[in-house]
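Coordinates from coords_14.cif are shown below (mmCIF, C-alpha atoms and all ligand atoms).
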data_query
loop_
_atom_site.label_atom_id
_atom_site.label_comp_id
_atom_site.auth_asym_id
_atom_site.auth_seq_id
_atom_site.Cartn_x
_atom_site.Cartn_y
_atom_site.Cartn_z
CA MET T 49 -217.26 41.22 -140.79
CA ALA T 50 -218.40 38.52 -143.23
CA SER T 51 -221.18 40.77 -144.46
CA VAL T 52 -218.78 43.69 -144.86
CA LEU T 53 -216.55 41.50 -146.97
CA ARG T 54 -219.49 40.31 -149.04
CA GLN T 55 -220.48 43.93 -149.57
CA ALA T 56 -216.94 44.88 -150.48
CA ALA T 57 -216.76 42.02 -152.94
CA ARG T 58 -220.02 43.21 -154.49
CA LEU T 59 -218.55 46.71 -154.61
CA ALA T 60 -215.47 45.39 -156.30
CA SER T 61 -217.58 44.18 -159.14
CA SER T 62 -219.80 47.27 -159.21
CA ARG T 63 -219.70 50.11 -161.69
CA CYS T 64 -217.18 52.35 -159.94
CA LEU T 65 -214.86 49.65 -158.83
CA THR T 66 -215.00 47.44 -161.86
CA GLN T 67 -211.26 47.78 -162.20
CA LEU T 68 -210.58 46.26 -158.82
CA SER T 69 -210.72 42.63 -159.75
CA ALA T 70 -209.53 43.16 -163.31
CA ALA T 71 -206.26 44.66 -162.12
CA SER T 72 -205.62 42.15 -159.39
CA SER T 73 -202.46 40.53 -160.68
CA THR T 74 -200.71 40.04 -157.36
CA SER T 75 -197.34 41.64 -156.78
CA ARG T 76 -195.77 41.10 -160.13
CA LEU T 77 -193.05 43.51 -159.22
CA GLY T 78 -191.17 44.03 -156.02
CA ALA T 79 -188.93 47.02 -155.37
CA SER T 80 -185.90 44.99 -156.42
CA SER T 81 -187.21 44.52 -159.95
CA TYR T 82 -187.78 48.23 -160.36
CA ASN T 83 -186.34 49.42 -163.65
CA PHE T 84 -187.23 52.79 -165.05
CA SER T 85 -185.44 52.48 -168.36
CA PRO T 86 -186.66 55.02 -170.93
CA SER T 87 -187.23 52.23 -173.47
CA SER T 88 -190.00 50.80 -171.33
CA ARG T 89 -191.98 54.02 -171.30
CA ASN T 90 -195.25 54.38 -173.09
CA ALA T 91 -196.35 57.91 -173.73
CA SER T 92 -199.79 59.13 -174.58
CA THR T 93 -200.79 62.75 -174.68
CA SER T 94 -203.96 64.77 -175.00
CA SER T 95 -203.75 68.53 -175.12
CA THR T 96 -204.12 68.92 -171.36
CA ILE T 97 -203.15 65.51 -169.97
CA LYS T 98 -199.80 63.86 -170.52
CA VAL T 99 -199.37 60.20 -169.58
CA GLN T 100 -196.20 58.14 -169.29
CA LEU T 101 -196.66 54.49 -168.49
CA ASP T 102 -193.71 52.31 -167.65
CA SER T 103 -195.01 48.86 -168.39
CA ASN T 104 -191.97 47.27 -166.71
CA THR T 105 -192.81 48.75 -163.33
CA GLY T 106 -196.56 49.24 -163.79
CA VAL T 107 -196.25 52.91 -162.76
CA ALA T 108 -198.03 55.57 -164.83
CA ILE T 109 -197.40 59.26 -164.40
CA MET T 110 -200.32 61.46 -165.34
CA MET T 111 -199.35 65.10 -165.75
CA PHE T 112 -201.73 68.04 -165.93
CA GLN T 113 -200.80 70.64 -168.51
CA ASN T 114 -203.65 73.09 -168.74
CA PRO T 115 -201.92 76.49 -168.59
CA PRO T 116 -201.78 78.87 -166.91
CA VAL T 117 -202.85 77.13 -163.65
CA ASN T 118 -204.32 73.68 -164.46
CA SER T 119 -207.81 74.88 -163.68
CA MET T 120 -210.34 72.07 -163.91
CA SER T 121 -212.44 73.17 -166.86
CA LEU T 122 -215.06 70.98 -168.52
CA ASP T 123 -212.59 70.23 -171.34
CA PHE T 124 -209.79 69.39 -168.93
CA MET T 125 -211.98 67.06 -166.87
CA THR T 126 -213.28 65.34 -170.01
CA GLU T 127 -209.74 64.70 -171.22
CA PHE T 128 -208.72 63.58 -167.74
CA VAL T 129 -211.46 60.95 -167.65
CA ILE T 130 -210.60 59.65 -171.14
CA ALA T 131 -206.92 59.29 -170.18
CA TRP T 132 -207.90 57.73 -166.84
CA ASP T 133 -210.16 55.15 -168.46
CA LYS T 134 -207.34 54.08 -170.78
CA LEU T 135 -205.06 53.47 -167.80
CA GLU T 136 -207.78 51.64 -165.88
CA LEU T 137 -208.18 49.23 -168.79
CA ASP T 138 -204.45 48.69 -169.13
CA LYS T 139 -203.55 45.65 -167.05
CA SER T 140 -199.86 46.56 -167.15
CA CYS T 141 -200.65 49.68 -165.11
CA ARG T 142 -200.90 49.06 -161.36
CA GLY T 143 -200.51 52.57 -160.03
CA ILE T 144 -200.94 56.16 -161.13
CA ILE T 145 -199.03 59.22 -159.99
CA LEU T 146 -200.93 62.49 -160.43
CA THR T 147 -198.78 65.57 -160.84
CA SER T 148 -198.52 68.84 -162.73
CA ALA T 149 -196.43 69.55 -165.81
CA LEU T 150 -196.57 73.27 -164.95
CA PRO T 151 -194.32 75.03 -162.45
CA ASN T 152 -195.69 76.22 -159.08
CA VAL T 153 -199.21 74.90 -159.41
CA PHE T 154 -200.64 71.41 -159.01
CA SER T 155 -204.17 72.59 -159.84
CA ALA T 156 -205.97 75.89 -159.16
CA GLY T 157 -209.18 73.90 -158.66
CA LEU T 158 -212.37 74.26 -160.60
CA ASP T 159 -212.31 76.66 -163.50
CA ILE T 160 -214.24 79.64 -162.24
CA MET T 161 -215.02 80.72 -165.79
CA ASP T 162 -217.05 77.51 -166.20
CA MET T 163 -219.23 78.57 -163.25
CA TYR T 164 -219.39 82.31 -163.89
CA GLY T 165 -221.86 83.65 -166.46
CA THR T 166 -222.50 80.24 -168.03
CA THR T 167 -225.85 78.58 -168.78
CA PRO T 168 -227.45 76.04 -166.42
CA GLU T 169 -226.92 73.39 -169.15
CA HIS T 170 -223.22 74.14 -169.23
CA ARG T 171 -222.95 74.01 -165.44
CA THR T 172 -224.84 70.70 -165.40
CA ALA T 173 -222.33 69.17 -167.81
CA PHE T 174 -219.47 70.72 -165.84
CA TRP T 175 -220.64 69.29 -162.51
CA LYS T 176 -221.34 65.86 -163.99
CA ALA T 177 -217.79 65.81 -165.36
CA LEU T 178 -216.42 66.67 -161.92
CA GLN T 179 -218.48 63.94 -160.24
CA GLU T 180 -217.32 61.46 -162.87
CA LEU T 181 -213.68 62.37 -162.41
CA TRP T 182 -213.95 62.08 -158.64
CA LEU T 183 -215.79 58.75 -158.73
CA LYS T 184 -213.10 57.33 -161.02
CA VAL T 185 -210.14 58.50 -158.97
CA TYR T 186 -211.62 57.89 -155.51
CA GLY T 187 -213.08 54.54 -156.54
CA SER T 188 -210.07 53.27 -158.42
CA GLY T 189 -208.61 49.86 -157.64
CA LYS T 190 -205.18 51.13 -158.71
CA ILE T 191 -202.83 52.74 -156.25
CA VAL T 192 -203.01 56.49 -156.75
CA VAL T 193 -200.34 58.84 -155.43
CA ALA T 194 -200.53 62.63 -155.60
CA ALA T 195 -197.18 64.31 -156.25
CA ILE T 196 -198.15 67.85 -155.32
CA ASN T 197 -195.75 70.26 -156.95
CA GLY T 198 -197.44 73.56 -156.31
CA ALA T 199 -200.60 75.33 -155.20
CA SER T 200 -203.54 73.02 -154.69
CA PRO T 201 -206.65 74.92 -153.57
CA ALA T 202 -210.28 73.69 -153.51
CA GLY T 203 -210.84 71.29 -156.46
CA GLY T 204 -207.05 70.78 -156.62
CA CYS T 205 -207.12 69.71 -152.99
CA LEU T 206 -210.08 67.39 -153.69
CA MET T 207 -208.05 65.73 -156.44
CA ALA T 208 -205.17 65.15 -154.00
CA LEU T 209 -207.56 63.96 -151.25
CA SER T 210 -208.96 61.33 -153.61
CA CYS T 211 -205.57 59.63 -153.87
CA ASP T 212 -204.19 56.94 -151.56
CA TYR T 213 -201.06 58.88 -150.60
CA ARG T 214 -200.00 62.52 -150.88
CA ILE T 215 -196.43 63.74 -151.26
CA MET T 216 -195.87 67.50 -151.43
CA ILE T 217 -192.87 69.66 -152.23
CA ASP T 218 -191.46 71.10 -149.02
CA ASN T 219 -191.94 74.77 -149.80
CA PRO T 220 -193.97 77.23 -147.70
CA LYS T 221 -195.12 79.11 -150.76
CA TYR T 222 -197.28 76.20 -151.91
CA LYS T 223 -200.72 76.10 -150.29
CA ILE T 224 -203.36 73.41 -150.16
CA GLY T 225 -206.85 73.31 -148.68
CA ILE T 226 -210.59 73.65 -149.13
CA ASN T 227 -210.82 77.45 -149.41
CA GLU T 228 -214.28 77.82 -150.99
CA THR T 229 -215.76 80.03 -148.27
CA LYS T 230 -213.11 82.63 -149.06
CA LEU T 231 -214.65 82.88 -152.53
CA GLY T 232 -218.14 83.23 -151.03
CA ILE T 233 -219.12 79.73 -152.15
CA VAL T 234 -219.69 76.42 -150.37
CA ALA T 235 -217.72 73.21 -150.85
CA PRO T 236 -220.16 70.36 -151.51
CA PHE T 237 -220.59 67.54 -149.00
CA TRP T 238 -218.25 65.15 -150.77
CA PHE T 239 -215.34 67.65 -150.71
CA LYS T 240 -215.99 67.99 -146.98
CA ASP T 241 -216.27 64.21 -146.55
CA CYS T 242 -212.92 63.62 -148.24
CA LEU T 243 -211.28 66.24 -146.04
CA GLU T 244 -212.90 64.85 -142.90
CA ASN T 245 -211.88 61.29 -143.79
CA THR T 246 -208.30 62.53 -144.03
CA VAL T 247 -207.79 65.10 -141.25
CA GLY T 248 -210.64 64.28 -138.88
CA TYR T 249 -213.84 65.98 -137.78
CA ARG T 250 -212.60 68.95 -135.74
CA MET T 251 -209.88 69.95 -138.17
CA SER T 252 -212.27 69.85 -141.12
CA GLU T 253 -214.91 71.78 -139.18
CA MET T 254 -212.40 74.62 -138.73
CA SER T 255 -210.90 74.19 -142.14
CA VAL T 256 -214.05 74.36 -144.29
CA GLN T 257 -215.54 77.28 -142.37
CA TYR T 258 -212.43 79.44 -142.44
CA GLY T 259 -211.51 78.23 -145.92
CA ILE T 260 -207.99 77.62 -144.70
CA LEU T 261 -205.14 77.15 -147.14
CA TYR T 262 -202.25 75.38 -145.42
CA ASN T 263 -198.61 75.68 -146.37
CA SER T 264 -196.74 72.44 -146.87
CA ALA T 265 -195.46 72.13 -143.26
CA GLU T 266 -198.92 72.86 -141.84
CA ALA T 267 -200.50 70.40 -144.25
CA LEU T 268 -198.11 67.69 -143.06
CA LYS T 269 -198.81 68.53 -139.41
CA ILE T 270 -202.57 68.05 -139.74
CA GLY T 271 -202.23 64.97 -141.98
CA LEU T 272 -203.56 66.64 -145.11
CA VAL T 273 -200.43 65.39 -146.84
CA ASP T 274 -198.39 62.34 -145.86
CA GLN T 275 -194.86 63.38 -146.72
CA LEU T 276 -192.78 66.42 -147.72
CA VAL T 277 -189.79 66.18 -150.02
CA PRO T 278 -187.44 68.56 -151.80
CA GLU T 279 -188.59 69.47 -155.29
CA ASP T 280 -185.98 67.37 -157.08
CA LYS T 281 -187.03 64.24 -155.16
CA LEU T 282 -190.77 64.46 -155.77
CA ILE T 283 -191.25 62.06 -158.66
CA SER T 284 -188.56 59.61 -157.53
CA THR T 285 -190.13 59.46 -154.05
CA ALA T 286 -193.61 59.02 -155.52
CA THR T 287 -192.35 56.19 -157.72
CA GLU T 288 -190.49 54.48 -154.86
CA THR T 289 -193.60 54.81 -152.68
CA MET T 290 -195.68 53.20 -155.37
CA ILE T 291 -193.25 50.30 -155.72
CA LYS T 292 -193.51 49.70 -151.96
CA TRP T 293 -197.32 49.58 -152.22
CA PHE T 294 -196.94 47.02 -155.03
CA ALA T 295 -195.59 44.55 -152.48
CA ILE T 296 -199.11 44.23 -151.05
CA PRO T 297 -201.24 41.72 -152.95
CA ASP T 298 -203.55 43.76 -155.16
CA TYR T 299 -206.77 41.91 -154.47
CA ALA T 300 -206.52 42.15 -150.67
CA ARG T 301 -205.55 45.81 -150.87
CA GLN T 302 -208.33 46.61 -153.33
CA ILE T 303 -211.03 44.97 -151.23
CA SER T 304 -209.72 46.78 -148.16
CA LYS T 305 -209.74 50.10 -150.00
CA ALA T 306 -213.28 49.49 -151.21
CA MET T 307 -214.42 48.72 -147.65
CA VAL T 308 -212.91 51.91 -146.26
CA ARG T 309 -214.25 54.13 -149.06
CA LYS T 310 -217.65 52.51 -149.47
CA ALA T 311 -219.70 54.86 -147.26
CA THR T 312 -218.32 57.99 -148.92
CA MET T 313 -218.79 56.55 -152.41
CA ASP T 314 -222.33 55.35 -151.67
CA LYS T 315 -223.33 58.73 -150.32
CA MET T 316 -222.30 60.39 -153.56
CA LEU T 317 -223.87 57.71 -155.77
CA ALA T 318 -227.16 58.03 -153.90
CA GLY T 319 -227.10 61.83 -153.97
CA ARG T 320 -225.68 62.41 -157.40
CA GLU T 321 -228.73 63.97 -159.07
CA ALA T 322 -229.53 66.13 -156.05
CA ASP T 323 -225.92 67.27 -155.92
CA ILE T 324 -226.13 68.45 -159.55
CA THR T 325 -229.40 70.27 -158.86
CA ASN T 326 -227.88 71.89 -155.76
CA PHE T 327 -224.87 73.08 -157.69
CA VAL T 328 -226.89 74.52 -160.57
CA THR T 329 -229.44 76.18 -158.27
CA PHE T 330 -226.72 77.56 -156.03
CA THR T 331 -224.69 78.98 -158.90
CA ASN T 332 -227.85 80.47 -160.48
CA LYS T 333 -228.12 82.87 -157.55
CA ASP T 334 -227.19 86.47 -158.32
CA SER T 335 -225.28 86.74 -155.06
CA ILE T 336 -223.13 83.71 -155.95
CA GLN T 337 -222.51 84.97 -159.47
CA LYS T 338 -221.47 88.28 -157.94
CA SER T 339 -219.04 86.56 -155.56
CA LEU T 340 -217.50 84.56 -158.39
CA GLY T 341 -217.18 87.69 -160.55
CA MET T 342 -215.52 89.62 -157.72
CA TYR T 343 -213.13 86.77 -157.06
CA MET T 344 -212.09 86.61 -160.74
CA GLU T 345 -211.55 90.36 -160.72
CA MET T 346 -209.47 90.06 -157.57
CA LEU T 347 -207.31 87.37 -159.21
CA LYS T 348 -206.78 89.45 -162.31
CA GLY T 349 -206.24 92.66 -160.34
CA ARG T 350 -203.62 90.94 -158.18
CA LYS T 351 -201.67 90.23 -161.32
CA ALA T 352 -201.98 93.82 -162.59
CA LYS T 353 -200.37 95.17 -159.36
C1 LIG N 401 -226.20 74.49 -150.24
C2 LIG N 401 -224.86 74.01 -150.69
C3 LIG N 401 -224.83 73.69 -152.15
C4 LIG N 401 -223.41 73.50 -152.61
C5 LIG N 401 -223.37 73.43 -154.08
C6 LIG N 401 -221.99 73.63 -154.67
C7 LIG N 401 -221.57 75.08 -154.74
C8 LIG N 401 -220.36 75.38 -155.58
C9 LIG N 401 -219.18 74.58 -155.24
C10 LIG N 401 -217.99 75.01 -156.01
C11 LIG N 401 -216.76 74.31 -155.54
C12 LIG N 401 -215.56 75.02 -156.05
C13 LIG N 401 -214.38 74.49 -156.11
C14 LIG N 401 -213.23 75.22 -156.66
O1 LIG N 401 -212.23 74.62 -156.95
S1 LIG N 401 -213.33 76.91 -156.93
C15 LIG N 401 -211.73 77.45 -157.43
C16 LIG N 401 -210.87 77.73 -156.24
N1 LIG N 401 -209.57 78.13 -156.65
C17 LIG N 401 -208.88 79.12 -156.12
O2 LIG N 401 -209.33 79.81 -155.22
C18 LIG N 401 -207.52 79.40 -156.71
C19 LIG N 401 -207.46 80.72 -157.39
N2 LIG N 401 -206.15 80.90 -157.99
C20 LIG N 401 -205.06 81.23 -157.29
O3 LIG N 401 -205.06 81.35 -156.09
C21 LIG N 401 -203.79 81.43 -158.08
O4 LIG N 401 -204.13 81.59 -159.43
C22 LIG N 401 -202.78 80.27 -157.96
C23 LIG N 401 -202.18 80.25 -156.54
C24 LIG N 401 -203.40 78.91 -158.25
C25 LIG N 401 -201.63 80.50 -158.97
O5 LIG N 401 -201.10 81.81 -158.76
P1 LIG N 401 -200.26 82.51 -159.93
O6 LIG N 401 -199.79 83.80 -159.34
O7 LIG N 401 -199.27 81.57 -160.47
O8 LIG N 401 -201.30 82.74 -161.10
P2 LIG N 401 -202.39 83.92 -161.24
O9 LIG N 401 -203.12 84.09 -159.97
O10 LIG N 401 -201.71 85.11 -161.82
O11 LIG N 401 -203.39 83.26 -162.28
C26 LIG N 401 -203.03 83.11 -163.65
C27 LIG N 401 -204.29 83.17 -164.49
O12 LIG N 401 -205.14 82.07 -164.13
C28 LIG N 401 -206.44 82.57 -163.75
N3 LIG N 401 -206.98 81.65 -162.72
C29 LIG N 401 -206.45 81.34 -161.55
N4 LIG N 401 -207.20 80.44 -160.90
C30 LIG N 401 -208.26 80.20 -161.69
C31 LIG N 401 -209.40 79.37 -161.56
N5 LIG N 401 -209.61 78.55 -160.49
N6 LIG N 401 -210.29 79.34 -162.57
C32 LIG N 401 -210.11 80.12 -163.66
N7 LIG N 401 -209.03 80.95 -163.84
C33 LIG N 401 -208.12 80.97 -162.86
C34 LIG N 401 -206.14 83.96 -163.21
O13 LIG N 401 -207.28 84.75 -163.20
C35 LIG N 401 -205.11 84.44 -164.21
O14 LIG N 401 -205.78 84.77 -165.41
P3 LIG N 401 -205.24 85.90 -166.37
O15 LIG N 401 -203.89 85.42 -166.83
O16 LIG N 401 -206.25 85.99 -167.45
O17 LIG N 401 -205.16 87.15 -165.54
#
What is this file in structure tokens?
Ligand SMILES: CCCCCCCCCCC/C=C/C(=O)SCCNC(=O)CCNC(=O)[C@H](O)C(C)(C)COP(=O)(O)OP(=O)(O)OC[C@H]1O[C@@H](n2cnc3c(N)ncnc32)[C@H](O)[C@@H]1OP(=O)(O)O
Amino acid sequence: MASVLRQAARLASSRCLTQLSAASSTSRLGASSYNFSPSSRNASTSSTIKVQLDSNTGVAIMMFQNPPVNSMSLDFMTEFVIAWDKLELDKSCRGIILTSALPNVFSAGLDIMDMYGTTPEHRTAFWKALQELWLKVYGSGKIVVAAINGASPAGGCLMALSCDYRIMIDNPKYKIGINETKLGIVAPFWFKDCLENTVGYRMSEMSVQYGILYNSAEALKIGLVDQLVPEDKLISTATETMIKWFAIPDYARQISKAMVRKATMDKMLAGREADITNFVTFTNKDSIQKSLGMYMEMLKGRKAK
């Protein structure tokens, strides 16, 4: 145990978890001091990411606004990471709620147009940006809550899985899952690892092969999300949840989080270059390009009907 703790402490000061110790101001706010007055809100906005930080409570809400479906394009992910870094450096921010500013969709996952018909150089930059985003969110010392207010397939599901807690709107029309095989592509190992860490081995074995998208009730049943709420209670519940987490001393929670996530993080850090090569090689294949093209056509055709 002592060696695990030493490792976790080393991790806490390592590149991906540098924020852990920096943000460890213990329990400045309990639920009773919660005050969400508009005057305390800080707003910062890029074209696709909107951030509201309440420095009284320490809760930041990061909203995706990349119409029509919050697809994770290279530009979106770059803006995400810039906004994320700002929050990580802000000591008044103790927790981040991820949600969508668009109706009916949390995130449609990776932008297929960034993978389809693009150059290997472009896809390299695209995949690096995705790795970077994931390492930041998954490795964050802040408390991160996903407020899932719509469809959340593939990369959208990964984003939610990287958080500490997932709250979803209770509506059967919203689906979440790792559905890559349905597109004729393969989710990389770290998508699978995040799913497995959350729902267990057998469920992820079924899930990644079939490419299952679960509705909200099914997602709750298998533990893919932690809580369902009516639409009008989503942000208030996410904020209240965050305030409850604030009662735990930051440093102890952060070290514990680092211990639990270390193996998954290390695997990615060790395999980062190979993962980029795999992605670029895989998406260079004619058969994969064909699958992506057909899927895009299907999406557009569905709309035309
Ligand atoms: C050996 C192993 C090596 C492994 C190496 C790695 C291999 C590659 C790994 C790749 C991992 C991929 C991860 C992903 O995230 S792939 C993306 C998966 N996403 C989806 O399947 C979602 C598709 N979209 C939808 O289902 C719906 O759009 C949605 C439910 C989200 C919303 O429905 P709605 O009816 O509201 O909207 P429309 O369907 O009409 O869509 C509106 C427009 O948006 C376009 N669109 C939708 N999704 C995407 C997307 N992901 N990327 C780009 N564009 C998207 C859609 O075509 C419409 O466009 P138009 O308005 O122009 O018609």
Can you list every residue of chain T that has an atom at most 6 Å from ligand LIG 401 (chain N), with its nearest atom pair and the distance in Å to one decimal, using all atoms listed in the file, ordered by chain then number, as a tab-separated table?
residue	atom	partner	partner_atom	distance
T:Pro116	CA	N:LIG401	O12	5.4
T:Val117	CA	N:LIG401	O12	5.5
T:Ser119	CA	N:LIG401	N5	5.2
T:Val153	CA	N:LIG401	C24	5.9
T:Ala156	CA	N:LIG401	C24	4.1
T:Gly157	CA	N:LIG401	O1	3.6
T:Leu158	CA	N:LIG401	O1	3.7
T:Asp159	CA	N:LIG401	N6	3.5
T:Ile160	CA	N:LIG401	N6	4.0
T:Met161	CA	N:LIG401	C32	5.4
T:Ala199	CA	N:LIG401	C23	5.3
T:Pro201	CA	N:LIG401	N1	5.3
T:Ala202	CA	N:LIG401	O1	4.1
T:Gly203	CA	N:LIG401	O1	3.6
T:Glu228	CA	N:LIG401	C12	5.9
T:Ile233	CA	N:LIG401	C8	5.7
T:Val234	CA	N:LIG401	C7	4.9
T:Ala235	CA	N:LIG401	C9	4.8
T:Pro236	CA	N:LIG401	C4	4.7
T:Asn326	CA	N:LIG401	C5	5.1
T:Phe327	CA	N:LIG401	C5	3.9
T:Phe330	CA	N:LIG401	C5	5.7
T:Met344	CA	N:LIG401	O13	5.7
T:Leu347	CA	N:LIG401	O13	4.8
T:Lys348	CA	N:LIG401	O17	4.3
T:Lys351	CA	N:LIG401	O10	5.1
I'd like the interatomic distance between atom CA of Lys240 of chain T and atom CA of Leu206 of chain T, to a tenth of an Å. 9.0 Å
Which residues of segment 123-157 of chain T come within 12 Å of segment 268-289 of chain T, and what is each one's closest atom pair and distance in Å (one decimal), counting all atoms listed in the file, sorted by chain and residue number, as a Markdown table?
| residue | atom | partner | partner_atom | distance |
| --- | --- | --- | --- | --- |
| T:Arg142 | CA | T:Thr287 | CA | 11.7 |
| T:Gly143 | CA | T:Thr287 | CA | 9.2 |
| T:Ile144 | CA | T:Thr287 | CA | 9.2 |
| T:Ile145 | CA | T:Ala286 | CA | 7.0 |
| T:Leu146 | CA | T:Ala286 | CA | 9.5 |
| T:Thr147 | CA | T:Ile283 | CA | 8.6 |
| T:Ser148 | CA | T:Ile283 | CA | 10.7 |
| T:Ala149 | CA | T:Ile283 | CA | 11.6 |
| T:Pro151 | CA | T:Glu279 | CA | 10.7 |
| T:Asn152 | CA | T:Glu279 | CA | 10.5 |
Which of T:Ser140, T:Thr172, T:Asn114, T:Thr167 sits closest to Ser155 of chain T [using all atoms listed in the file]: T:Asn114
What's the separation between atom CA of Ile291 of chain T and atom CA of Glu244 of chain T, in Å to one decimal place?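 For atom CA of Ile291 of chain T relative to atom CA of Glu244 of chain T, the distance reads 27.6 Å.
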Enumerate, as a PDB file with C-alpha atoms, in the frame of the given file, the protein, DNA and RNA residues whose atoms approach (-204.6, 66.6, -170.9) to within 8 Å, taking into account all atoms listed in the file and the coordinate frame of the file.
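Okay, this is what ended up in part_37.pdb:
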ATOM      1  CA  THR T  93    -200.790  62.750-174.680  1.00  0.00           C
ATOM      2  CA  SER T  94    -203.960  64.770-175.000  1.00  0.00           C
ATOM      3  CA  SER T  95    -203.750  68.530-175.120  1.00  0.00           C
ATOM      4  CA  THR T  96    -204.120  68.920-171.360  1.00  0.00           C
ATOM      5  CA  ILE T  97    -203.150  65.510-169.970  1.00  0.00           C
ATOM      6  CA  LYS T  98    -199.800  63.860-170.520  1.00  0.00           C
ATOM      7  CA  MET T 111    -199.350  65.100-165.750  1.00  0.00           C
ATOM      8  CA  PHE T 112    -201.730  68.040-165.930  1.00  0.00           C
ATOM      9  CA  GLN T 113    -200.800  70.640-168.510  1.00  0.00           C
ATOM     10  CA  ASN T 114    -203.650  73.090-168.740  1.00  0.00           C
ATOM     11  CA  PHE T 124    -209.790  69.390-168.930  1.00  0.00           C
ATOM     12  CA  GLU T 127    -209.740  64.700-171.220  1.00  0.00           C
ATOM     13  CA  PHE T 128    -208.720  63.580-167.740  1.00  0.00           C
ATOM     14  CA  ALA T 131    -206.920  59.290-170.180  1.00  0.00           C
TER      15      ALA T 131
END
I'd like the interatomic distance between atom CA of Ser264 of chain T and atom CA of Tyr213 of chain T, to a tenth of an Å.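 Interatomic distance, atom CA of Ser264 of chain T to atom CA of Tyr213 of chain T: 14.7 Å.
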Which of T:Met125, T:Tyr262, T:Asp212, T:Arg301 sits closest to Asp162 of chain T [using all atoms listed in the file]: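 Among the listed residues, the smallest separation from Asp162 of chain T belongs to T:Met125.
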For a quick check of your reading of the model, name the residues lying within 12 Å of the coordinate (-216.6, 88.7, -159.0), counting all atoms listed in the file, and write them as a PDB file with C-alpha atoms, in the coordinates of the input.
ATOM      1  CA  ILE T 160    -214.240  79.640-162.240  1.00  0.00           C
ATOM      2  CA  MET T 161    -215.020  80.720-165.790  1.00  0.00           C
ATOM      3  CA  MET T 163    -219.230  78.570-163.250  1.00  0.00           C
ATOM      4  CA  TYR T 164    -219.390  82.310-163.890  1.00  0.00           C
ATOM      5  CA  GLY T 165    -221.860  83.650-166.460  1.00  0.00           C
ATOM      6  CA  LEU T 231    -214.650  82.880-152.530  1.00  0.00           C
ATOM      7  CA  GLY T 232    -218.140  83.230-151.030  1.00  0.00           C
ATOM      8  CA  ILE T 233    -219.120  79.730-152.150  1.00  0.00           C
ATOM      9  CA  ASP T 334    -227.190  86.470-158.320  1.00  0.00           C
ATOM     10  CA  SER T 335    -225.280  86.740-155.060  1.00  0.00           C
ATOM     11  CA  ILE T 336    -223.130  83.710-155.950  1.00  0.00           C
ATOM     12  CA  GLN T 337    -222.510  84.970-159.470  1.00  0.00           C
ATOM     13  CA  LYS T 338    -221.470  88.280-157.940  1.00  0.00           C
ATOM     14  CA  SER T 339    -219.040  86.560-155.560  1.00  0.00           C
ATOM     15  CA  LEU T 340    -217.500  84.560-158.390  1.00  0.00           C
ATOM     16  CA  GLY T 341    -217.180  87.690-160.550  1.00  0.00           C
ATOM     17  CA  MET T 342    -215.520  89.620-157.720  1.00  0.00           C
ATOM     18  CA  TYR T 343    -213.130  86.770-157.060  1.00  0.00           C
ATOM     19  CA  MET T 344    -212.090  86.610-160.740  1.00  0.00           C
ATOM     20  CA  GLU T 345    -211.550  90.360-160.720  1.00  0.00           C
ATOM     21  CA  MET T 346    -209.470  90.060-157.570  1.00  0.00           C
ATOM     22  CA  LEU T 347    -207.310  87.370-159.210  1.00  0.00           C
ATOM     23  CA  LYS T 348    -206.780  89.450-162.310  1.00  0.00           C
ATOM     24  CA  GLY T 349    -206.240  92.660-160.340  1.00  0.00           C
TER      25      GLY T 349
END
Write out as a list of chain:residue names which residues come within 6 Å of Val99 of chain T when counting only C-alpha atoms, dropping same-chain ones fewer than 5 positions away. T:Ala91, T:Ser92, T:Thr93, T:Ile109, T:Met110
Could you write segment 260-267 of chain T of the block just shown to a file containing N, CA and C atoms, as a PDB file, in the first residue's frame?
ATOM      1  N   ILE T 260     -23.310  -1.423 -29.133  1.00  0.00           N
ATOM      2  CA  ILE T 260     -24.651  -1.126 -28.588  1.00  0.00           C
ATOM      3  C   ILE T 260     -24.774   0.331 -28.127  1.00  0.00           C
ATOM      4  N   LEU T 261     -25.862   0.949 -28.546  1.00  0.00           N
ATOM      5  CA  LEU T 261     -26.251   2.251 -28.000  1.00  0.00           C
ATOM      6  C   LEU T 261     -27.406   1.995 -27.032  1.00  0.00           C
ATOM      7  N   TYR T 262     -27.227   2.429 -25.793  1.00  0.00           N
ATOM      8  CA  TYR T 262     -28.222   2.188 -24.751  1.00  0.00           C
ATOM      9  C   TYR T 262     -29.104   3.418 -24.564  1.00  0.00           C
ATOM     10  N   ASN T 263     -30.392   3.188 -24.330  1.00  0.00           N
ATOM     11  CA  ASN T 263     -31.206   4.351 -23.952  1.00  0.00           C
ATOM     12  C   ASN T 263     -30.918   4.681 -22.480  1.00  0.00           C
ATOM     13  N   SER T 264     -31.489   5.752 -22.004  1.00  0.00           N
ATOM     14  CA  SER T 264     -31.084   6.235 -20.675  1.00  0.00           C
ATOM     15  C   SER T 264     -31.351   5.193 -19.573  1.00  0.00           C
ATOM     16  N   ALA T 265     -32.521   4.525 -19.639  1.00  0.00           N
ATOM     17  CA  ALA T 265     -32.842   3.545 -18.578  1.00  0.00           C
ATOM     18  C   ALA T 265     -31.874   2.357 -18.635  1.00  0.00           C
ATOM     19  N   GLU T 266     -31.562   1.922 -19.855  1.00  0.00           N
ATOM     20  CA  GLU T 266     -30.624   0.797 -19.998  1.00  0.00           C
ATOM     21  C   GLU T 266     -29.223   1.206 -19.519  1.00  0.00           C
ATOM     22  N   ALA T 267     -28.856   2.427 -19.838  1.00  0.00           N
ATOM     23  CA  ALA T 267     -27.530   2.916 -19.432  1.00  0.00           C
ATOM     24  C   ALA T 267     -27.410   2.945 -17.903  1.00  0.00           C
TER      25      ALA T 267
END
